[in-house]
Amino acid sequence: MDQDTAAAMARPSARDRLLDAADELFSRDGIARTSVDQVLHRAHVAPGTLYAHFGGKDGLIAAALHRRLDRWEQVWQEAVDAAPTPAEKLLALFDAVSAYRDLYTPGRGCAFLATNTELPDLDHPVRAVIEAESTLLVTRLNQLAETVTTEDPAALAGDVLLVYDGAMAGLQRGRTPDPLGHGKTLARCLIQNAIQTEH
């Protein structure tokens, strides 16, 4: 195999380049401020390629967000699996965000919350992905909280989610030093309190 063939095979597909470009630009600049032309330029593809794969900007937005959700779910699960105790597994949410940001496009905060704000139309193609991310958060946190306390796991999961949302808002504002670290510390206090209350 010559070098040109090897380089061509190693290069991401046009579809993946579009998703990479969309993820980076939407996260950095926002959806409304990012034009299709900017995405095409960053991805080095022709307009017809975008429309053939995604049907237009809305389809691209939904596909990029769906890929982000798949990646996020995997990174979070890996962080949960690596945690040694039930309490640490619940706290792994915060470690997972840091790991995700190291692996993929950091963005300014939560891409799902940002997209929900920019595209509030209930009929928009991204709605199903946004709902899926919310369902994942609530379901997994509730499951993990049930292994920590039997007193009121749903309340503990809700409290951890509230702290998580605050930490993600802290990333968005960029004014709080280490919002994820602070969020994890606050969540740890909530977990310890729930355990002490139970006993």
# chains A, B, ... in the order shown; residues from 1 in each chain; ligands from 1
>>> select_by_dssp(residues="stretch 10-167 of chain A", states="helix (DSSP H, G or I)", output="ChimeraX atom specification")
/A:10,14-29,36-43,47-54,57-82,86-103,111-118,127-146,153-167
>>> residues_around(residues="A:Leu50", least_positions_apart="5", cutoff="12 Å", atoms="only C-alpha atoms", output="list in words")
Ser13, Ala14, Arg15, Asp16, Arg17, Leu18, Leu19, Ala21, Ala22, Val36, Asp37, Val39, Leu40, His41, Ala43, His44, Val45, Gly55, Gly56, Lys57, Asp58, Gly59, Leu60, Ile61 and Ala63 of chain A
>>> residues_around(residues="A:Ala32", least_positions_apart="3", cutoff="10 Å", atoms="only C-alpha atoms", output="list in words")
Phe26, Asp29, Ser35, Thr115, Glu118 and Leu119 of chain A
>>> closest_residue(among="A:Val80, A:Leu69, A:Ala62, A:Leu156", to="A:His124", atoms="only C-alpha atoms")
A:Ala62
>>> closest_residue(among="A:Thr150, A:Pro47, A:Arg28, A:Gly181", to="A:Ala111", atoms="only C-alpha atoms")
A:Arg28
>>> residues_around(residues="stretch 85-91 of chain A", least_positions_apart="4", cutoff="6 Å", atoms="only C-alpha atoms", output="ChimeraX atom specification")
/A:80,144,147-148
>>> closest_residue(among="A:Leu190, A:Ala145, A:Ala114, A:Val126", to="A:Val163", atoms="only C-alpha atoms")
A:Leu190
>>> residues_around(residues="A:Leu171", least_positions_apart="3", cutoff="9 Å", atoms="only C-alpha atoms", output="list in words")
Gly107, Arg108, Gly109, Cys110, Gly166, Ala167, Met168, Gly174, Arg175, Thr176, Pro177, Asp178, Pro179 and Leu180 of chain A
